[in-house]
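Report on the following structure.
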Amino acid sequence: MIRLEGINKTFRVARRKSGFGRAVRALLSREHETIHALRDVSFTIEDGEMVGYIGPNGAGKSTTIKIMCGILTPDSGKCEINGRTPWRERIAHVRDIGVVFGQRSQLWWDVPVWDSFDLIRDIYKVDAREYKRNLDELVTLLDLAEILKTPTRNLSLGQRMRCELAASLLHNPKILFLDEPTIGLDAVSKLAVRQFIKKLNAEQGVTIILTTHDMQDIEALTQRILLIGKGRILLDGSLEELKKSSSQRKTIVFEYTGKDPALCEGMTSVEGREGRLVVSLEPSICSVSEAIAYISAQVEVIDISVSGISAEEMVAGLYREYHI
Amino acid sequence: MRLYMKYFSMHLQSQMQYKVSFFLTALGQFLVSFTALLGIWFMFMRFNTVEGFSFPQVLLCFATMLMAFSLAEFMGRGFDHFPRIISNGEFDRMLVRPRRVALQVLASQMEFSRLGRLVQAILVFCYAIPASGVNWTYDKIITLCLMVICGSIVFFCLFLIYAAISFFTIEGLEFMNIFTDGGREFGRYPFSVYGKEALRFLTYVIPLALFQYYPLLYILERKTSSFYMFMPLLALPFAIPAYAFWRFGLSRYKSTGS
Amino acid sequence: MKKYLAIFRIRFINSLQYRAAALAGMATQFAWGFMEILAFLAFYKADPAAFPMEFSQTVSYIWMQQAFLALFMVWFFEAEIFNAITSGGIAYELARPVDLYWRWFSQSVANRLAKTVLRCLPIFIVAMLVPGPFRMSLPATHGQFLLFLVSAAFSLGVVVSFSMLIYISTFYTLSSTGVRIISAVLADFLAGAIIPLPFFPQPFRAIAEMLPFAAMQNMPLRIYSGNITGINAFRGIGLQVFWLIALILIGRYMINDALRKVVVQGG
């Protein structure tokens with residue numbers, strides 16, 4: 001179980017200035033400013049949960065993750081993970097967790113993946129039999145058999161991410177932190193990674209904390225999301241709940257022939273060019289069927305598509321709503 | 001130790017992937033100290049002695065420093081790379097591993113091409129040990145070994161301090177070069193050459209003279225007290241403040257993350 | 001020309017940001033110079049008659065060398081340029097309407113100047129204030145100082161155009177580290193970075209003075225200290241001009257050849 005209570009963290013940074021004269025003056029004096037990276041952050045995550053941790057860049061996501069990994073010490077507050085305080089008992093704590101930083105590799109660039117794994121085994125002192133069992137399982141699940149003998153530098157990004165995942169799981173951690181695990185991956189690799197994460201959580205009960213900017217990750221994976229902005233936890237709930245609470249607007253796309261149609265109340269034009277119209281609709285004022293009838297009365301409609309709000313739009317809406 | 005050997009073989013394996021680059025770099029490292037050696041030789045073609053030390057005697061000094069330095073550099077290269085390890089986030093990775101951080105930093109870099117210097121130190125020893133006119137008895141051989149071993153420990157501590165400073169700033173690091181690279185470069189002459197004040201500083205503050213100048217006097221029979229023979233051991237407590245400083249820096253990193 | 005000035009200006013401002021680095025650099029160079037002088041003093045005491053320069057000239061030489069370290073030392077390479085070549089970032093550079101050779105040339109000059117401007121003044125001041133034999137002296141005449149300035153400018157040009165050759169050679173080898181160290185070490189040694197050229201025994205000295213490396217720090221530092229005067233100074237500057245033109249021509253030829261290959265191979 002992970003429990004954070006009232007975590008605060010501030011950083012002091014020097015302010016860099018632009019311009020020639022200012023650069024010279026900065027030689028003599030330098031201004032500092034204090035940044036509140038985290039303000040009173042509290043949440044609890046039960047064993048076996050899968051949580052999406054989202055927020056714009058600089059909101060405090062990685063600071064929180066670093067605190068939970070034992071990399072950073074907070075200014076104040078309590079953090080207890082499986083009964084330990086990460087920064088006090090770093091070595092014991094990190095034995096139980098796995099971390100994937102999507103943008104950085106833990107594999108050795110010039111040696112075969114297998115050798116990197118072997119080193120990790122020694123670092124974590126994983127027992128030989130257990131290691132073999134874990135490795136075999138990971139190799140099957142992530143389809144690594146072909147690439148295990150290849151040096152990292154010759155792997156594609158997708159292959160590398162699969163190896164990164166395996167590398168973080170060789171020691172059988174109870175908690176896995178994933179920091180943007182699908183960044184830069186192609187569609188097929190993304191699906192493979194998501195599928196694996198889902199399986200890991202469902203079958204082995206590994207607690208997973210996932211940060212990402214890709215809302216499809218969230219949609220595909222997590223039951224629960226935590227939204228952080230400007231260092232505060234703003235929302236904590238399930239994706240469905242959030243979708244419901246946010247606006248019900250629908251988007252309708254018309255393809256038609258004829259002159260441009262007029263819009264009725266409740267419709268706003270998002271995009272309009274000859275033969276194609278995208279409207280955003282407020283169903284409480286004008287229902288979908290009314291809208292379709294209204295437009296098709298004016299022009300000859302060739303094709304219609306109706307869609308609800310996407311996770312992407314919803315989050316963008318939330319960011320706007322909270323001014324973050 | 002087993003883990004360290006594992007890292008060792010991984011580094012070797014990686015670097016052997018680029019053989020041309022490896023040999024060119026090793027040659028380059030060799031040349032760096034070779035030009036220093038040429039400089040000494042050129043000077044001694046003009047002047048026969050300095051402060052009463054002859055050319056082969058100075059070479060003994062040069063080779064001791066070079067060997068101590070290159071051993072320490074090979075072992076402690078990770079500390080030298082530390083500013084980069086911090087800025088590219090690799091350090092965070094080390095903190096989520098269940099091993100001592102200093103050990104991981106140490107093992108994270110091993111540059112075999114640095115051994116180009118070590119080769120040179122050995123070659124110079126091969127020339128200077130017979131040419132220096134020293135009557136090599138056991139006690140003198142032990143003294144020379146102590147000089148090299150304790151010397152590399154002192155250099156190693158200097159690298160550790162260098163790394164610890166990068167917890168606070170990566171801008172002002174250059175001044176440490178006076179003691180690391182500077183120690184190697186200026187240590188080519190016995191430190192008494194630089195006058196009393198410099199010698200005092202290098203005895204009591206940064207103990208470079210303890211493993212270079214004083215035991216050399218014993219080997220050259222200018223001092224007979226065996227106290228001089230064991231002076232290199234007096235440099236070892238330098239490791240205590242160096243390590244304490246590292247721990248201090250580490251705790252600060254954890255609170256600032258930068 | 002304007003765009004090269006803009007590159008110059010941005011680089012210059014960028015380097016000024018690093019205040020602590022400048023302070024640390026100054027302290028290092030000052031200590032370094034002081035130790036060098038002490039070593040030469042020991043040799044001077046051992047046998048003044050064998051000393052090939054006047055001692056005060058050697059002192060000035062060393063202080064000026066430290067003050068202008070970033071200007072004249074070949075090993076101050078631009079890591080950025082090496083990275084652009086090896087990582088393929090060169091594609092961006094080629095997409096810009098700027099001649100690559102002169103872009104890198106002005107970038108190198110700017111970085112070297114910025115580093116030097118920050119550091120040289122305090123070192124001058126301290127070097128002028130230290131007592132007795134360690135004090136740096138001013139050039140004997142205004143004319144000599146003028147010659148020094150001219151020679152220093154050409155020296156910077158020679159150093160940068162030589163480093164350009166090293167950058168460009170990376171196109172062919174793609175493993176820059178070894179080449180970088182070897183070329184810098186040899187060039188700096190032959191330019192008088194470890195011991196001034198007058199301390200080289202013959203015939204090494206005669207050979208070294210004919211090489212392009214003698215057109216680097218050797219010339220301005222010896223003109224400043226008064227070791228080279230009058231007609232010899234003019235001859236030396238002439239040699240610098242010759243090497244500068246030669247190195248630039250070689251560099252232009254090499255970069256055109258290299259870029260043609262890059263284009264042919266498709267990067």
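To be explicit about the labels: the chains of the structure tokens are called A, B, and onward in the order shown, and within each one the residues are counted from 1, while ligands get numbers from 1 in the order they are shown.
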Contact residues (chain B, partner chain C, 6 Å, only C-alpha atoms) as a PyMOL selection string: chain B and resi 21+24-25+28+32+42+50+171-172+174-175+178+193-194
For chain B against chain A, which residues fall within 12 Å using only C-alpha atoms, given as a short mmCIF file (atom, residue, chain, number, x, y, z; two decimals) with C-alpha atoms, in the first residue's frame?
data_model
loop_
_atom_site.label_atom_id
_atom_site.label_comp_id
_atom_site.auth_asym_id
_atom_site.auth_seq_id
_atom_site.Cartn_x
_atom_site.Cartn_y
_atom_site.Cartn_z
CA MET B 1 33.35 -7.47 -5.69
CA ARG B 2 31.66 -9.96 -7.94
CA LEU B 3 29.41 -7.19 -9.15
CA TYR B 4 32.40 -4.95 -9.78
CA MET B 5 34.02 -7.63 -11.91
CA LYS B 6 30.80 -7.95 -13.84
CA TYR B 7 30.80 -4.25 -14.58
CA PHE B 8 34.46 -4.56 -15.49
CA SER B 9 33.80 -7.16 -18.14
CA MET B 10 30.78 -5.28 -19.47
CA HIS B 11 32.87 -2.15 -19.92
CA LEU B 12 35.61 -4.10 -21.60
CA GLN B 13 33.10 -5.71 -23.90
CA SER B 14 31.54 -2.34 -24.80
CA GLN B 15 34.81 -0.61 -25.49
CA MET B 16 36.18 -3.42 -27.59
CA GLN B 17 33.31 -2.80 -29.98
CA TYR B 18 35.13 0.27 -31.19
CA ASN B 88 21.46 13.12 -17.76
CA GLY B 89 19.40 11.51 -15.02
CA GLU B 90 21.47 8.37 -14.79
CA PHE B 91 22.00 9.15 -11.14
CA ASP B 92 18.29 8.79 -10.44
CA ARG B 93 18.50 5.33 -11.89
CA MET B 94 21.31 4.51 -9.47
CA LEU B 95 19.19 5.69 -6.57
CA VAL B 96 16.46 3.21 -7.42
CA ARG B 97 18.91 0.31 -7.29
CA PRO B 98 19.44 -1.55 -4.02
CA ARG B 99 23.20 -0.95 -3.90
CA ARG B 100 25.52 1.60 -2.39
CA VAL B 101 25.50 4.71 -4.56
CA LEU B 103 29.90 1.84 -5.67
CA GLN B 104 27.53 2.23 -8.58
CA ALA B 107 31.45 1.05 -11.58
CA SER B 108 29.52 3.15 -14.06
CA GLN B 109 32.60 4.23 -15.97
CA THR B 169 27.25 23.14 -8.57
CA LEU B 250 24.33 13.08 -1.40
CA SER B 251 21.92 14.10 1.32
CA ARG B 252 21.68 17.52 -0.24
CA TYR B 253 20.93 16.06 -3.65
CA LYS B 254 18.06 14.18 -2.14
CA SER B 255 16.57 17.37 -0.85
CA THR B 256 17.04 19.48 -3.96
CA GLY B 257 17.08 17.01 -6.77
CA SER B 258 19.47 19.10 -8.77
#
Would you kindly return, as a PyMOL selection string, each protein, DNA or RNA residue with an atom no farther than 7 Å from any atom of Lys115 (chain C), considering only C-alpha atoms and excluding same-chain residues fewer than 3 positions away? chain C and resi 15+70+111-112+118-119
What does the file look like for those residues with N, CA, C and O atoms, as a PDB file, in the first residue's frame?
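Output saved as out-v3.pdb:
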ATOM      1  N   SER C  15      28.010  32.347 -22.922  1.00  0.00           N
ATOM      2  CA  SER C  15      29.163  32.034 -22.072  1.00  0.00           C
ATOM      3  C   SER C  15      29.200  32.911 -20.831  1.00  0.00           C
ATOM      4  O   SER C  15      29.712  32.499 -19.801  1.00  0.00           O
ATOM      5  N   ALA C  70      42.127  30.282 -23.090  1.00  0.00           N
ATOM      6  CA  ALA C  70      40.994  29.850 -23.912  1.00  0.00           C
ATOM      7  C   ALA C  70      41.126  30.354 -25.345  1.00  0.00           C
ATOM      8  O   ALA C  70      40.479  29.852 -26.252  1.00  0.00           O
ATOM      9  N   ASN C 111      33.235  31.839 -28.851  1.00  0.00           N
ATOM     10  CA  ASN C 111      33.335  31.141 -27.580  1.00  0.00           C
ATOM     11  C   ASN C 111      34.690  31.363 -26.933  1.00  0.00           C
ATOM     12  O   ASN C 111      34.792  31.546 -25.730  1.00  0.00           O
ATOM     13  N   ARG C 112      35.717  31.316 -27.746  1.00  0.00           N
ATOM     14  CA  ARG C 112      37.057  31.535 -27.204  1.00  0.00           C
ATOM     15  C   ARG C 112      37.194  32.954 -26.662  1.00  0.00           C
ATOM     16  O   ARG C 112      37.710  33.162 -25.564  1.00  0.00           O
ATOM     17  N   LEU C 118      36.295  37.294 -20.012  1.00  0.00           N
ATOM     18  CA  LEU C 118      35.934  37.185 -18.614  1.00  0.00           C
ATOM     19  C   LEU C 118      37.147  36.950 -17.730  1.00  0.00           C
ATOM     20  O   LEU C 118      37.213  37.418 -16.613  1.00  0.00           O
ATOM     21  N   ARG C 119      38.064  36.162 -18.248  1.00  0.00           N
ATOM     22  CA  ARG C 119      39.104  35.663 -17.361  1.00  0.00           C
ATOM     23  C   ARG C 119      40.386  36.480 -17.395  1.00  0.00           C
ATOM     24  O   ARG C 119      41.129  36.487 -16.431  1.00  0.00           O
TER      25      ARG C 119
END
Here CA of Thr152 (chain A) and CA of Gly205 (chain A) stand apart by 29.3 Å
Which residues are close to region 93-110 of chain C, i.e. within 10 Å by only C-alpha atoms, leaving aside same-chain residues fewer than 6 positions away? Reply as a count of residues only. 38
With only C-alpha atoms as the counted atoms, please give the residues lying no more than 10 Å from Phe238 (chain B), apart from itself and same-chain residues fewer than 3 positions off, as a count of residues only. 12
Determine, counting only C-alpha atoms, which protein, DNA and RNA residues have an atom within 9 Å of an atom of Ala291 (chain A); residues of the same chain fewer than 6 positions away are not included. Present the result as a JSON list (two decimals) with all heavy atoms, in the first residue's frame.
[["chain", "number", "residue", "atom", "x", "y", "z"],
["A", 252, "ILE", "N", -20.34, 16.48, -34.34],
["A", 252, "ILE", "CA", -20.96, 15.86, -35.52],
["A", 252, "ILE", "C", -20.24, 16.36, -36.77],
["A", 252, "ILE", "O", -19.98, 17.56, -36.91],
["A", 252, "ILE", "CB", -22.45, 16.21, -35.64],
["A", 252, "ILE", "CG1", -23.14, 16.00, -34.29],
["A", 252, "ILE", "CG2", -23.11, 15.38, -36.74],
["A", 252, "ILE", "CD1", -24.62, 16.30, -34.32],
["A", 263, "LEU", "N", -26.89, 27.24, -39.14],
["A", 263, "LEU", "CA", -26.87, 26.44, -37.91],
["A", 263, "LEU", "C", -27.99, 26.90, -37.00],
["A", 263, "LEU", "O", -28.39, 28.07, -37.01],
["A", 263, "LEU", "CB", -25.53, 26.64, -37.19],
["A", 263, "LEU", "CG", -24.26, 26.29, -37.99],
["A", 263, "LEU", "CD1", -23.03, 26.55, -37.15],
["A", 263, "LEU", "CD2", -24.31, 24.85, -38.45],
["A", 264, "CYS", "N", -28.50, 25.97, -36.18],
["A", 264, "CYS", "CA", -29.52, 26.38, -35.22],
["A", 264, "CYS", "C", -28.90, 26.59, -33.85],
["A", 264, "CYS", "O", -27.70, 26.37, -33.66],
["A", 264, "CYS", "CB", -30.63, 25.33, -35.15],
["A", 264, "CYS", "SG", -30.10, 23.81, -34.35],
["A", 266, "GLY", "N", -27.50, 26.08, -30.18],
["A", 266, "GLY", "CA", -26.89, 24.89, -29.57],
["A", 266, "GLY", "C", -25.80, 24.30, -30.42],
["A", 266, "GLY", "O", -25.07, 23.42, -29.98],
["A", 267, "MET", "N", -25.65, 24.76, -31.65],
["A", 267, "MET", "CA", -24.58, 24.26, -32.51],
["A", 267, "MET", "C", -23.52, 25.35, -32.65],
["A", 267, "MET", "O", -23.86, 26.52, -32.79],
["A", 267, "MET", "CB", -25.11, 24.00, -33.92],
["A", 267, "MET", "CG", -25.96, 22.81, -34.09],
["A", 267, "MET", "SD", -26.15, 22.62, -35.89],
["A", 267, "MET", "CE", -27.74, 21.88, -35.98],
["A", 281, "LEU", "N", -21.88, 20.26, -30.45],
["A", 281, "LEU", "CA", -23.30, 20.34, -30.12],
["A", 281, "LEU", "C", -23.53, 20.25, -28.62],
["A", 281, "LEU", "O", -22.92, 19.43, -27.93],
["A", 281, "LEU", "CB", -23.99, 19.14, -30.80],
["A", 281, "LEU", "CG", -25.50, 19.13, -30.83],
["A", 281, "LEU", "CD1", -25.99, 20.22, -31.79],
["A", 281, "LEU", "CD2", -25.99, 17.76, -31.30]]
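Considering only C-alpha atoms, the residue among C:Val117, C:Asn218, C:Ala79, C:Val59 positioned nearest to chain A is C:Val117.
In this structure, CA of Ala202 (chain A) sits 22.5 Å away from CA of Ala187 (chain A).
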Neighbour list for Phe69 (chain B) as an mmCIF file with N, CA and C atoms, in the first residue's frame, cut-off 10 Å, only C-alpha atoms, skip fewer than 3 positions in-chain:
data_model
loop_
_atom_site.group_PDB
_atom_site.id
_atom_site.type_symbol
_atom_site.label_atom_id
_atom_site.label_comp_id
_atom_site.auth_asym_id
_atom_site.auth_seq_id
_atom_site.Cartn_x
_atom_site.Cartn_y
_atom_site.Cartn_z
ATOM 1 N N ALA B 63 57.188 9.090 -12.820
ATOM 2 C CA ALA B 63 56.533 7.800 -13.033
ATOM 3 C C ALA B 63 55.641 7.441 -11.849
ATOM 4 N N THR B 64 56.087 7.761 -10.627
ATOM 5 C CA THR B 64 55.260 7.480 -9.449
ATOM 6 C C THR B 64 53.932 8.215 -9.538
ATOM 7 N N MET B 65 54.015 9.516 -9.850
ATOM 8 C CA MET B 65 52.803 10.323 -9.942
ATOM 9 C C MET B 65 51.893 9.795 -11.045
ATOM 10 N N LEU B 66 52.509 9.494 -12.179
ATOM 11 C CA LEU B 66 51.730 9.070 -13.330
ATOM 12 C C LEU B 66 51.007 7.765 -13.038
ATOM 13 N N ALA B 72 44.232 5.590 -10.154
ATOM 14 C CA ALA B 72 43.077 6.235 -9.522
ATOM 15 C C ALA B 72 42.072 6.657 -10.574
ATOM 16 N N GLU B 73 42.573 7.143 -11.687
ATOM 17 C CA GLU B 73 41.688 7.628 -12.735
ATOM 18 C C GLU B 73 40.904 6.473 -13.345
ATOM 19 N N PHE B 74 41.582 5.364 -13.516
ATOM 20 C CA PHE B 74 40.902 4.210 -14.094
ATOM 21 C C PHE B 74 39.790 3.731 -13.170
ATOM 22 N N MET B 75 40.132 3.624 -11.889
ATOM 23 C CA MET B 75 39.140 3.177 -10.905
ATOM 24 C C MET B 75 38.030 4.200 -10.724
ATOM 25 N N ARG B 117 48.319 5.816 -20.184
ATOM 26 C CA ARG B 117 49.236 6.492 -19.256
ATOM 27 C C ARG B 117 49.987 5.485 -18.393
ATOM 28 N N LEU B 118 49.254 4.459 -17.984
ATOM 29 C CA LEU B 118 49.856 3.460 -17.096
ATOM 30 C C LEU B 118 51.021 2.779 -17.804
ATOM 31 N N ALA B 121 53.892 4.991 -17.592
ATOM 32 C CA ALA B 121 54.487 5.008 -16.256
ATOM 33 C C ALA B 121 55.389 3.792 -16.085
ATOM 34 N N VAL B 148 53.187 4.556 -4.631
ATOM 35 C CA VAL B 148 52.211 4.398 -5.719
ATOM 36 C C VAL B 148 50.819 4.104 -5.161
ATOM 37 N N ILE B 149 50.748 3.182 -4.198
ATOM 38 C CA ILE B 149 49.434 2.783 -3.681
ATOM 39 C C ILE B 149 48.753 3.930 -2.949
ATOM 40 N N GLY B 151 49.450 6.982 -3.140
ATOM 41 C CA GLY B 151 49.232 8.064 -4.101
ATOM 42 C C GLY B 151 47.935 7.889 -4.851
ATOM 43 N N SER B 152 47.679 6.648 -5.292
ATOM 44 C CA SER B 152 46.437 6.500 -6.052
ATOM 45 C C SER B 152 45.234 6.664 -5.137
ATOM 46 N N ILE B 153 45.380 6.306 -3.867
ATOM 47 C CA ILE B 153 44.257 6.523 -2.951
ATOM 48 C C ILE B 153 43.989 8.027 -2.774
ATOM 49 N N VAL B 154 45.044 8.806 -2.654
ATOM 50 C CA VAL B 154 44.847 10.250 -2.492
ATOM 51 C C VAL B 154 44.186 10.847 -3.736
ATOM 52 N N PHE B 155 44.673 10.463 -4.907
ATOM 53 C CA PHE B 155 44.040 10.961 -6.136
ATOM 54 C C PHE B 155 42.588 10.535 -6.208
ATOM 55 N N PHE B 156 42.355 9.298 -5.795
ATOM 56 C CA PHE B 156 41.000 8.767 -5.794
ATOM 57 C C PHE B 156 40.089 9.638 -4.922
ATOM 58 N N THR B 180 43.913 17.700 -9.195
ATOM 59 C CA THR B 180 43.957 16.408 -9.891
ATOM 60 C C THR B 180 44.966 16.453 -11.041
ATOM 61 N N ASP B 181 44.574 17.103 -12.138
ATOM 62 C CA ASP B 181 45.508 17.213 -13.262
ATOM 63 C C ASP B 181 46.767 17.972 -12.857
ATOM 64 N N GLY B 183 48.091 18.154 -9.875
ATOM 65 C CA GLY B 183 48.922 17.285 -9.051
ATOM 66 C C GLY B 183 49.789 16.394 -9.923
ATOM 67 N N ARG B 184 49.168 15.851 -10.962
ATOM 68 C CA ARG B 184 49.909 14.967 -11.862
ATOM 69 C C ARG B 184 50.981 15.753 -12.610
#
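Shortest separation to Val74 (chain C) among C:Ala91, C:Val158, C:Ile123, C:Met136 occurs at residue C:Val158, atoms counted being only C-alpha atoms.
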Give the alpha helix (DSSP H) residues of region 63-218 of chain C, as DSSP finds them on the backbone, and put them as a PyMOL selection string. chain C and resi 63-67+69-72+79-87+90-95+100-129+142-173+176-190+204-210+218
Any chance you could export the current selection's C-alpha atoms as a compact mmCIF listing (two decimals), in the first residue's frame?
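Okay, this is what ended up in selection-v3.txt:
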# COMPACT_ATOMS: atom_id res chain seq x y z
CA TRP C 63 51.08 34.89 -17.26
CA MET C 64 49.96 35.85 -20.74
CA GLN C 65 49.57 32.20 -21.59
CA GLN C 66 47.28 31.70 -18.60
CA ALA C 67 45.33 34.88 -19.28
CA LEU C 69 44.40 30.18 -22.32
CA ALA C 70 40.99 29.85 -23.91
CA LEU C 71 42.12 31.92 -26.86
CA PHE C 72 45.21 30.02 -27.87
CA ALA C 79 31.95 19.62 -28.36
CA GLU C 80 28.78 20.81 -30.04
CA ILE C 81 30.37 20.68 -33.49
CA PHE C 82 31.65 17.15 -32.99
CA ASN C 83 28.20 16.10 -31.84
CA ALA C 84 26.52 17.73 -34.82
CA ILE C 85 28.71 15.71 -37.15
CA THR C 86 28.56 12.33 -35.46
CA SER C 87 24.90 12.41 -34.42
CA ILE C 90 24.37 18.26 -39.34
CA ALA C 91 21.22 17.96 -41.41
CA TYR C 92 19.73 20.94 -39.60
CA GLU C 93 22.86 22.93 -40.14
CA LEU C 94 22.82 22.22 -43.84
CA ALA C 95 19.22 23.36 -44.04
CA LEU C 100 28.94 25.86 -42.54
CA TYR C 101 32.65 26.62 -42.46
CA TRP C 102 32.22 30.25 -41.47
CA ARG C 103 29.40 29.44 -39.10
CA TRP C 104 31.62 27.11 -37.11
CA PHE C 105 34.54 29.44 -37.47
CA SER C 106 32.68 32.38 -35.97
CA GLN C 107 31.16 30.17 -33.28
CA SER C 108 34.61 29.01 -32.20
CA VAL C 109 36.08 32.50 -32.25
CA ALA C 110 33.15 33.84 -30.23
CA ASN C 111 33.33 31.14 -27.58
CA ARG C 112 37.06 31.54 -27.20
CA LEU C 113 36.80 35.32 -26.97
CA ALA C 114 33.96 35.20 -24.46
CA LYS C 115 35.83 32.81 -22.21
CA THR C 116 38.95 34.95 -22.44
CA VAL C 117 37.36 38.35 -21.91
CA LEU C 118 35.93 37.18 -18.61
CA ARG C 119 39.10 35.66 -17.36
CA CYS C 120 42.02 37.68 -18.64
CA LEU C 121 41.51 40.97 -16.81
CA PRO C 122 41.59 39.66 -13.25
CA ILE C 123 44.59 37.53 -14.11
CA PHE C 124 46.37 40.58 -15.57
CA ILE C 125 45.65 42.63 -12.49
CA VAL C 126 46.84 40.00 -10.07
CA ALA C 127 49.87 39.19 -12.23
CA MET C 128 50.81 42.89 -12.24
CA LEU C 129 50.50 43.12 -8.45
CA HIS C 142 53.75 50.88 -27.59
CA GLY C 143 54.85 49.52 -30.95
CA GLN C 144 55.66 46.17 -29.41
CA PHE C 145 52.23 46.05 -27.78
CA LEU C 146 50.58 46.84 -31.11
CA LEU C 147 52.53 44.05 -32.76
CA PHE C 148 51.36 41.76 -30.00
CA LEU C 149 47.71 42.61 -30.66
CA VAL C 150 48.09 41.97 -34.38
CA SER C 151 49.92 38.74 -33.75
CA ALA C 152 47.34 37.62 -31.18
CA ALA C 153 44.53 38.09 -33.69
CA PHE C 154 46.32 36.03 -36.31
CA SER C 155 47.22 33.45 -33.72
CA LEU C 156 43.55 33.01 -32.82
CA GLY C 157 42.80 32.64 -36.52
CA VAL C 158 45.44 29.95 -36.94
CA VAL C 159 44.25 28.04 -33.87
CA VAL C 160 40.62 28.09 -35.01
CA SER C 161 41.40 27.22 -38.62
CA PHE C 162 43.51 24.32 -37.37
CA SER C 163 40.69 23.08 -35.13
CA MET C 164 38.39 23.33 -38.15
CA LEU C 165 40.52 20.69 -39.82
CA ILE C 166 40.01 18.43 -36.83
CA TYR C 167 36.25 18.99 -36.84
CA ILE C 168 36.06 18.26 -40.53
CA SER C 169 38.20 15.14 -40.22
CA THR C 170 35.38 13.73 -38.07
CA PHE C 171 33.31 13.41 -41.25
CA TYR C 172 35.76 10.78 -42.41
CA THR C 173 36.62 8.91 -39.21
CA SER C 176 36.60 11.89 -32.92
CA THR C 177 37.93 11.30 -29.40
CA GLY C 178 41.27 9.80 -30.32
CA VAL C 179 41.99 12.19 -33.17
CA ARG C 180 40.94 15.10 -31.01
CA ILE C 181 43.31 14.27 -28.16
CA ILE C 182 46.26 13.38 -30.37
CA SER C 183 46.04 16.48 -32.53
CA ALA C 184 45.50 18.82 -29.60
CA VAL C 185 48.35 17.38 -27.57
CA LEU C 186 50.88 17.55 -30.38
CA ALA C 187 49.77 20.96 -31.59
CA ASP C 188 49.88 22.48 -28.12
CA PHE C 189 53.25 20.98 -27.35
CA LEU C 190 54.73 22.28 -30.60
CA PHE C 204 64.00 20.42 -32.35
CA ARG C 205 63.69 24.15 -31.94
CA ALA C 206 64.56 24.94 -35.55
CA ILE C 207 62.06 22.38 -36.82
CA ALA C 208 59.28 23.48 -34.46
CA GLU C 209 59.69 27.11 -35.48
CA MET C 210 58.93 26.29 -39.09
CA ASN C 218 54.28 30.98 -29.54
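If you look at CA of Trp75 (chain C) and CA of Gly187 (chain B), they are 21.9 Å away from each other.
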Counting only C-alpha atoms, which residue out of C:Pro131, C:Asn14, C:Leu249, C:Lys2 sits closest to chain A? C:Asn14
Of B:Phe112, B:Tyr162, B:Phe125, B:Phe23, the one sitting nearest Pro56 (chain B) when using only C-alpha atoms is B:Phe125
